[in-house]
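Enquirer: What follows is input-v2.cif, made up of mmCIF, C-alpha atoms:
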data_query
#
loop_
_atom_site.label_atom_id
_atom_site.label_comp_id
_atom_site.auth_asym_id
_atom_site.auth_seq_id
_atom_site.Cartn_x
_atom_site.Cartn_y
_atom_site.Cartn_z
CA MET Q 13 25.76 106.11 148.17
CA SER Q 14 27.44 103.47 150.31
CA GLN Q 15 27.26 100.98 147.46
CA LEU Q 16 28.97 103.46 145.09
CA LYS Q 17 31.86 103.96 147.54
CA ASN Q 18 32.26 100.20 147.97
CA LYS Q 19 32.33 99.78 144.19
CA LYS Q 20 35.08 102.44 143.79
CA LEU Q 21 37.09 100.83 146.59
CA THR Q 22 36.85 97.44 144.91
CA ILE Q 23 38.05 98.84 141.56
CA THR Q 24 40.97 100.59 143.25
CA ILE Q 25 42.06 97.39 144.99
CA VAL Q 26 41.89 95.45 141.73
CA VAL Q 27 44.04 98.04 139.93
CA ILE Q 28 46.63 97.96 142.75
CA VAL Q 29 46.76 94.18 142.61
CA ILE Q 30 47.27 94.19 138.82
CA ILE Q 31 50.11 96.73 139.07
CA THR Q 32 51.74 94.74 141.89
CA ILE Q 33 51.60 91.53 139.87
CA GLY Q 34 53.13 93.33 136.87
CA VAL Q 35 56.02 94.70 138.92
CA ILE Q 36 56.72 91.34 140.54
CA SER Q 37 56.66 89.60 137.15
CA MET Q 38 59.41 91.92 135.89
CA TYR Q 39 61.74 90.41 138.46
CA PHE Q 40 60.66 86.77 138.31
CA VAL Q 41 59.56 86.19 134.69
CA PRO Q 42 62.54 85.50 132.36
CA SER Q 43 63.05 88.04 129.56
CA GLN Q 44 62.32 86.83 126.03
CA THR Q 45 65.46 88.61 124.67
CA THR Q 46 68.90 87.61 125.88
CA VAL Q 47 72.00 89.74 125.03
CA THR Q 48 75.17 87.68 124.85
CA MET Q 49 78.48 89.55 125.22
CA ILE Q 50 81.29 88.00 123.16
CA PRO Q 51 84.71 88.69 124.68
CA ILE Q 52 87.08 90.56 122.30
CA THR Q 53 90.57 89.15 121.85
CA GLN Q 54 93.70 91.21 122.41
CA GLU Q 55 94.53 91.04 118.69
CA GLU Q 56 91.06 92.29 117.76
CA GLN Q 57 91.50 95.16 120.20
CA HIS Q 58 94.84 96.06 118.60
CA GLN Q 59 93.22 96.03 115.16
CA ASN Q 60 90.38 98.24 116.39
CA ASP Q 61 92.90 100.68 117.85
CA ALA Q 62 94.83 100.76 114.55
CA LEU Q 63 91.58 101.33 112.66
CA GLY Q 64 90.83 104.32 114.87
CA VAL Q 65 94.27 105.79 114.13
CA ALA Q 66 93.74 105.29 110.38
CA GLN Q 67 90.26 106.84 110.44
CA ARG Q 68 91.53 109.91 112.26
CA TYR Q 69 94.43 110.24 109.84
CA ILE Q 70 92.56 109.91 106.55
CA VAL Q 71 90.39 112.99 107.11
CA THR Q 72 93.58 115.06 107.47
CA SER Q 73 95.48 113.45 104.57
CA PRO Q 74 96.24 115.88 101.69
CA THR Q 75 94.05 114.24 99.05
CA PHE Q 76 90.99 113.72 101.27
CA ALA Q 77 91.32 117.01 103.16
CA PHE Q 78 91.27 118.93 99.87
CA ASP Q 79 87.98 117.65 98.44
CA GLY Q 80 87.09 114.26 99.91
CA ASP Q 81 83.44 113.43 100.65
CA ILE Q 82 83.18 112.22 104.24
CA ASN Q 83 79.86 110.53 103.46
CA THR Q 84 81.64 108.13 101.09
CA LEU Q 85 84.28 106.90 103.55
CA ASP Q 86 84.17 103.12 103.71
CA THR Q 87 86.54 100.76 105.52
CA GLU Q 88 87.10 97.80 103.21
CA TYR Q 89 89.75 95.85 105.07
CA VAL Q 90 91.55 95.66 108.40
CA GLY Q 91 94.29 93.11 108.93
CA SER Q 92 97.69 92.51 110.48
CA LEU Q 93 101.02 92.15 108.68
CA GLU Q 94 103.79 89.74 109.55
CA SER Q 95 106.21 92.19 111.13
CA TYR Q 96 107.75 93.32 114.35
CA PRO Q 97 106.76 95.61 115.86
CA PRO Q 98 103.23 94.70 114.74
CA GLN Q 99 101.87 96.55 111.73
CA TYR Q 100 98.23 96.80 110.64
CA LEU Q 101 96.95 97.40 107.12
CA ILE Q 102 93.72 99.34 106.74
CA LYS Q 103 92.12 99.91 103.33
CA ILE Q 104 89.64 102.78 103.14
CA SER Q 105 87.81 103.99 100.03
CA PHE Q 106 86.32 107.43 99.42
CA ASP Q 107 85.31 109.84 96.65
CA SER Q 108 86.87 113.19 95.77
CA ALA Q 109 85.08 116.02 93.99
CA HIS Q 110 87.92 116.47 91.48
CA GLY Q 111 90.67 114.49 89.78
CA GLY Q 112 94.24 114.39 91.00
CA PHE Q 113 96.04 113.85 94.27
CA GLY Q 114 97.25 115.86 97.24
CA ASN Q 115 96.64 119.54 97.90
CA ARG Q 116 95.64 121.00 94.53
CA GLU Q 117 95.22 124.56 95.73
CA GLY Q 118 95.63 127.02 92.84
CA GLN Q 119 95.46 124.31 90.16
CA MET Q 120 92.88 124.16 87.39
CA LEU Q 121 90.80 121.12 88.30
CA THR Q 122 88.57 118.71 86.44
CA GLN Q 123 85.20 118.63 88.22
CA VAL Q 124 84.55 114.90 88.12
CA ILE Q 125 83.74 112.61 91.03
CA THR Q 126 86.87 110.50 91.47
CA PRO Q 127 86.90 107.29 93.53
CA HIS Q 128 90.02 106.57 95.56
CA LYS Q 129 91.34 103.77 97.75
CA MET Q 130 93.94 104.52 100.41
CA ASN Q 131 96.12 101.82 101.96
CA ILE Q 132 97.21 102.89 105.44
CA ILE Q 133 99.77 101.06 107.58
CA VAL Q 134 99.72 101.71 111.32
CA SER Q 135 102.44 100.65 113.74
CA GLU Q 136 102.63 101.43 117.45
CA GLY Q 137 99.77 103.90 117.15
CA ILE Q 138 101.34 105.88 114.29
CA VAL Q 139 100.63 105.99 110.56
CA ILE Q 140 103.89 104.96 108.89
CA SER Q 141 102.57 104.69 105.33
CA ALA Q 142 99.56 106.05 103.45
CA VAL Q 143 99.29 105.49 99.70
CA THR Q 144 96.31 106.46 97.55
CA ASP Q 145 95.48 104.31 94.50
CA GLU Q 146 98.97 102.76 94.74
CA THR Q 147 100.14 106.01 93.14
CA TRP Q 148 100.33 108.91 95.61
CA ASP Q 149 102.36 108.98 98.82
CA GLU Q 150 100.21 111.00 101.23
CA LEU Q 151 102.89 111.31 103.94
CA ASN Q 152 105.53 112.71 101.59
CA ASN Q 153 103.14 114.46 99.19
CA GLN Q 154 104.62 112.91 96.05
CA TYR Q 155 104.18 110.04 93.62
CA VAL Q 156 105.21 106.75 95.16
CA LEU Q 157 108.73 105.55 94.54
CA LYS Q 158 108.57 102.73 92.02
CA THR Q 159 110.81 99.70 92.06
CA PRO Q 160 114.48 100.70 92.12
CA GLN Q 161 115.92 101.52 88.71
CA GLN Q 162 118.88 99.61 87.39
CA LYS Q 163 122.09 101.52 86.82
CA LEU Q 164 122.07 103.39 83.52
CA PRO Q 165 123.81 101.39 80.78
CA SER Q 166 127.18 102.65 79.55
CA SER Q 167 128.01 103.71 76.01
CA ASP Q 168 130.63 101.97 73.87
CA GLU Q 169 131.76 105.32 72.47
CA SER Q 170 134.92 106.96 73.66
CA VAL Q 171 134.31 109.46 76.43
CA ILE Q 172 135.03 113.11 75.62
CA PRO Q 173 135.30 115.34 78.71
CA PHE Q 174 132.74 118.13 79.12
CA ASP Q 175 133.03 121.09 81.46
CA GLY Q 176 130.41 123.64 82.42
CA MET Q 177 126.64 123.71 81.93
CA ALA Q 178 124.51 122.61 78.96
CA THR Q 179 122.87 125.55 77.19
CA ASP Q 180 121.50 123.94 74.00
CA TYR Q 181 120.54 120.54 72.61
CA SER Q 182 123.99 119.62 71.30
CA SER Q 183 125.81 120.56 74.49
CA LEU Q 184 123.29 118.61 76.58
CA VAL Q 185 123.88 115.45 74.55
CA ASP Q 186 127.64 115.96 74.75
CA ALA Q 187 127.43 116.53 78.50
CA ILE Q 188 125.51 113.30 79.11
CA LYS Q 189 127.86 111.32 76.84
CA SER Q 190 130.81 112.67 78.82
CA ARG Q 191 129.59 110.56 81.72
CA GLY Q 192 129.87 107.43 79.60
CA ILE Q 193 126.08 106.97 79.45
CA LEU Q 194 124.30 105.69 76.35
CA VAL Q 195 122.34 108.55 74.64
CA GLU Q 196 120.19 108.09 71.56
CA SER Q 197 117.75 110.26 69.64
CA ALA Q 198 114.28 108.74 70.05
CA GLU Q 199 111.86 110.99 68.15
CA GLU Q 200 110.93 114.59 67.37
CA ILE Q 201 107.45 115.98 67.92
CA SER Q 202 106.28 118.99 65.94
CA ALA Q 203 105.74 122.36 67.60
CA GLU Q 204 101.99 122.06 66.99
CA SER Q 205 101.86 118.97 69.25
CA SER Q 206 104.47 120.19 71.71
CA SER Q 207 103.84 121.45 75.23
CA PHE Q 208 105.67 124.65 74.28
CA SER Q 209 106.02 126.65 71.07
CA VAL Q 210 109.01 124.68 69.79
CA PRO Q 211 109.46 121.06 68.64
CA THR Q 212 110.01 118.41 71.30
CA LYS Q 213 113.22 116.45 70.86
CA VAL Q 214 113.00 113.18 72.76
CA ILE Q 215 116.28 111.56 73.70
CA SER Q 216 116.77 108.15 75.27
CA VAL Q 217 119.21 108.33 78.18
CA GLY Q 218 120.10 104.80 79.15
CA GLY Q 219 116.67 103.65 77.94
CA THR Q 220 114.74 106.45 79.68
CA ASP Q 221 113.01 109.11 77.57
CA ILE Q 222 113.77 112.76 78.30
CA GLN Q 223 112.04 115.64 76.50
CA VAL Q 224 114.21 118.52 75.32
CA PHE Q 225 112.78 121.90 74.20
CA GLU Q 226 115.29 124.19 72.47
CA PHE Q 227 114.33 127.87 72.05
CA GLN Q 228 115.82 130.62 69.92
CA SER Q 229 117.19 132.46 72.93
CA GLU Q 230 117.65 132.24 76.68
CA SER Q 231 114.94 134.86 77.21
CA ASP Q 232 112.47 132.79 75.17
CA ALA Q 233 113.21 129.75 77.33
CA LYS Q 234 112.83 131.82 80.48
CA THR Q 235 109.48 133.21 79.30
CA ALA Q 236 108.23 129.71 78.44
CA SER Q 237 109.25 128.40 81.87
CA LEU Q 238 106.95 130.95 83.53
CA ILE Q 239 103.82 129.19 82.23
CA VAL Q 240 104.68 125.97 84.12
CA SER Q 241 103.08 125.67 87.56
CA LYS Q 242 105.33 125.13 90.54
CA ASP Q 243 104.35 121.46 90.88
CA GLY Q 244 104.56 120.86 87.13
CA THR Q 245 100.95 119.77 86.73
CA GLU Q 246 100.00 122.73 84.50
CA ILE Q 247 101.58 124.12 81.36
CA GLY Q 248 99.71 127.23 80.36
CA THR Q 249 96.03 126.31 80.32
CA SER Q 250 96.72 122.58 80.00
CA ILE Q 251 96.38 120.32 83.03
CA ILE Q 252 98.77 117.37 82.94
CA ARG Q 253 98.20 114.14 84.88
CA TRP Q 254 101.66 112.65 84.84
CA ILE Q 255 102.10 108.90 85.26
CA ASP Q 256 105.08 109.58 87.51
CA THR Q 257 106.97 112.47 89.13
CA PRO Q 258 107.69 115.38 86.72
CA HIS Q 259 110.98 117.33 86.82
CA PHE Q 260 111.44 120.54 84.79
CA TYR Q 261 114.87 122.10 84.25
CA THR Q 262 115.97 125.18 82.35
CA ASN Q 263 119.34 126.63 81.41
CA GLY Q 264 120.45 128.69 78.44
CA ASN Q 265 118.09 128.04 75.52
CA LEU Q 266 116.72 124.83 77.01
CA ILE Q 267 113.78 123.50 78.94
CA VAL Q 268 114.21 119.81 79.78
CA LEU Q 269 111.52 117.52 81.16
CA TYR Q 270 112.11 114.20 82.88
CA VAL Q 271 109.18 112.16 84.21
CA GLY Q 272 110.32 109.52 86.68
CA GLN Q 273 112.19 108.95 89.92
CA ASN Q 274 115.57 107.55 88.94
CA PRO Q 275 117.99 109.43 91.22
CA GLU Q 276 120.86 108.85 88.80
CA ILE Q 277 119.03 110.72 86.02
CA VAL Q 278 117.95 113.49 88.40
CA ASN Q 279 121.53 113.99 89.59
CA LEU Q 280 122.78 113.89 86.01
CA LEU Q 281 120.41 116.61 84.81
CA GLU Q 282 121.02 118.77 87.86
CA SER Q 283 124.75 118.66 87.26
CA PHE Q 284 124.37 120.15 83.75
CA LEU Q 285 121.20 122.22 84.09
CA GLY Q 286 120.92 123.19 87.74
CA LYS Q 287 118.08 122.48 90.17
CA GLN Q 288 114.60 121.89 88.77
CA PHE Q 289 112.42 124.99 88.52
CA ALA Q 290 109.15 123.06 88.62
CA GLY Q 291 107.95 119.57 89.49
CA MET Q 292 107.64 117.32 92.49
#
Take the structure in the file and give it back as structure tokens.

Expert:
Amino acid sequence: MSQLKNKKLTITIVVIVIITIGVISMYFVPSQTTVTMIPITQEEQHQNDALGVAQRYIVTSPTFAFDGDINTLDTEYVGSLESYPPQYLIKISFDSAHGGFGNREGQMLTQVITPHKMNIIVSEGIVISAVTDETWDELNNQYVLKTPQQKLPSSDESVIPFDGMATDYSSLVDAIKSRGILVESAEEISAESSSFSVPTKVISVGGTDIQVFEFQSESDAKTASLIVSKDGTEIGTSIIRWIDTPHFYTNGNLIVLYVGQNPEIVNLLESFLGKQFAGM
């Protein structure tokens, strides 16, 4: 019995010694893995801060917020621009569940996975620019403004004054010519291929095409205008993906469509047709 107790005591002492050695070795034996902390520069910190601002913004941007897939978000580039105050460019890609840009609530949508790339510029902790696919201005919810248009070329014809509003094709052409602007007939598209139930008369106004739809009566034009969505991306059951900003006008027997952003043309059409009833 005494020998058994001595044996247990010996085993206990050995175990205590082994544990003690293990604990001591944790303090005195160098670790095999060394973690080296690399100091971050002030510029890198500024870029990280700008990235955080961009990442928080993109999930609230109109295009992504509508149908973006958060699992596809990928930061492709972070860099600084030569500017003062400092500006930082962040490029982030993502996928949307449908085609198009911005908030498409109420629109008929094509259900196709659509890849996008958004360029975000951050300055002083604020997003000052956000453009998707170099096409859609997220901050202003419109197509991006292209390079400034040159002034519309003048006509060599004598100017005949025009008063009032344009109500048909002939009066619209006369009205534009009264401003001394070059107007030419470009082409005519049959009613079967037209967006409405009447032929499309395309006129070139200073080199820019404008589509003119002339109906039999004012009521017919008014009825046709009702099938155009407020943002101009739908005409009846057709979904239109314009290459630029659409502007729809109606007055008298006319519906007039201009796709572009030339403020001179917009002002010209508004002066003879009134404010747009659909578009962006």

Enquirer: Could you list the residues chosen by the PyMOL selection byres ((chain Q and resi 61-70) around 8) in this structure as a ChimeraX atom specification?

Expert: /Q:57-60,71-73,76-77,90,100,102,132-135,137-139

Enquirer: One decimal, Å: what's the distance from atom CA of Ser197 of chain Q over to atom CA of Ala290 of chain Q, could you say?

Expert: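 Value for the atom CA of Ser197 of chain Q-atom CA of Ala290 of chain Q distance: 24.5 Å.
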
Enquirer: Nearest residue to Phe113 of chain Q out of Q:Glu88, Q:Glu276, Q:Glu94, Q:Glu146, using only C-alpha atoms?

Expert: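 Looking at the shortest contact to Phe113 of chain Q, the residue is Q:Glu146.
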
Enquirer: Name the residues captured by the PyMOL selection byres ((chain Q and resi 259-272) around 6) when it is applied to the shown file; answer as a ChimeraX atom specification.

Expert: /Q:179-180,222-227,229-230,233,256-258,273,285,288-291

Enquirer: Would you save the residues of that selection, restricted to C-alpha atoms, as a PDB file, in the coordinates of the input?

Expert:
ATOM      1  CA  THR Q 179     122.870 125.550  77.190  1.00  0.00           C
ATOM      2  CA  ASP Q 180     121.500 123.940  74.000  1.00  0.00           C
ATOM      3  CA  ILE Q 222     113.770 112.760  78.300  1.00  0.00           C
ATOM      4  CA  GLN Q 223     112.040 115.640  76.500  1.00  0.00           C
ATOM      5  CA  VAL Q 224     114.210 118.520  75.320  1.00  0.00           C
ATOM      6  CA  PHE Q 225     112.780 121.900  74.200  1.00  0.00           C
ATOM      7  CA  GLU Q 226     115.290 124.190  72.470  1.00  0.00           C
ATOM      8  CA  PHE Q 227     114.330 127.870  72.050  1.00  0.00           C
ATOM      9  CA  SER Q 229     117.190 132.460  72.930  1.00  0.00           C
ATOM     10  CA  GLU Q 230     117.650 132.240  76.680  1.00  0.00           C
ATOM     11  CA  ALA Q 233     113.210 129.750  77.330  1.00  0.00           C
ATOM     12  CA  ASP Q 256     105.080 109.580  87.510  1.00  0.00           C
ATOM     13  CA  THR Q 257     106.970 112.470  89.130  1.00  0.00           C
ATOM     14  CA  PRO Q 258     107.690 115.380  86.720  1.00  0.00           C
ATOM     15  CA  GLN Q 273     112.190 108.950  89.920  1.00  0.00           C
ATOM     16  CA  LEU Q 285     121.200 122.220  84.090  1.00  0.00           C
ATOM     17  CA  GLN Q 288     114.600 121.890  88.770  1.00  0.00           C
ATOM     18  CA  PHE Q 289     112.420 124.990  88.520  1.00  0.00           C
ATOM     19  CA  ALA Q 290     109.150 123.060  88.620  1.00  0.00           C
ATOM     20  CA  GLY Q 291     107.950 119.570  89.490  1.00  0.00           C
TER      21      GLY Q 291
END

Enquirer: Do you have the atom CA of Leu280 of chain Q-atom CA of Arg253 of chain Q distance handy?

Expert: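 So the two atoms, atom CA of Leu280 of chain Q and atom CA of Arg253 of chain Q, lie 24.6 Å apart.
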
Enquirer: Would you please work out which residue, of Q:Ser202, Q:Gln123, Q:Thr249, Q:Asn274, is nearest to Val217 of chain Q when using only C-alpha atoms?

Expert: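 So, comparing all the options, the nearest one is Q:Asn274.
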
Enquirer: For a quick check of understanding, using all atoms listed in the file, which of Q:Leu194, Q:Leu101, Q:Thr126, Q:Tyr181 has the smallest distance to Thr212 of chain Q?

Expert: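 Closest to Thr212 of chain Q, using all atoms listed in the file: Q:Tyr181.
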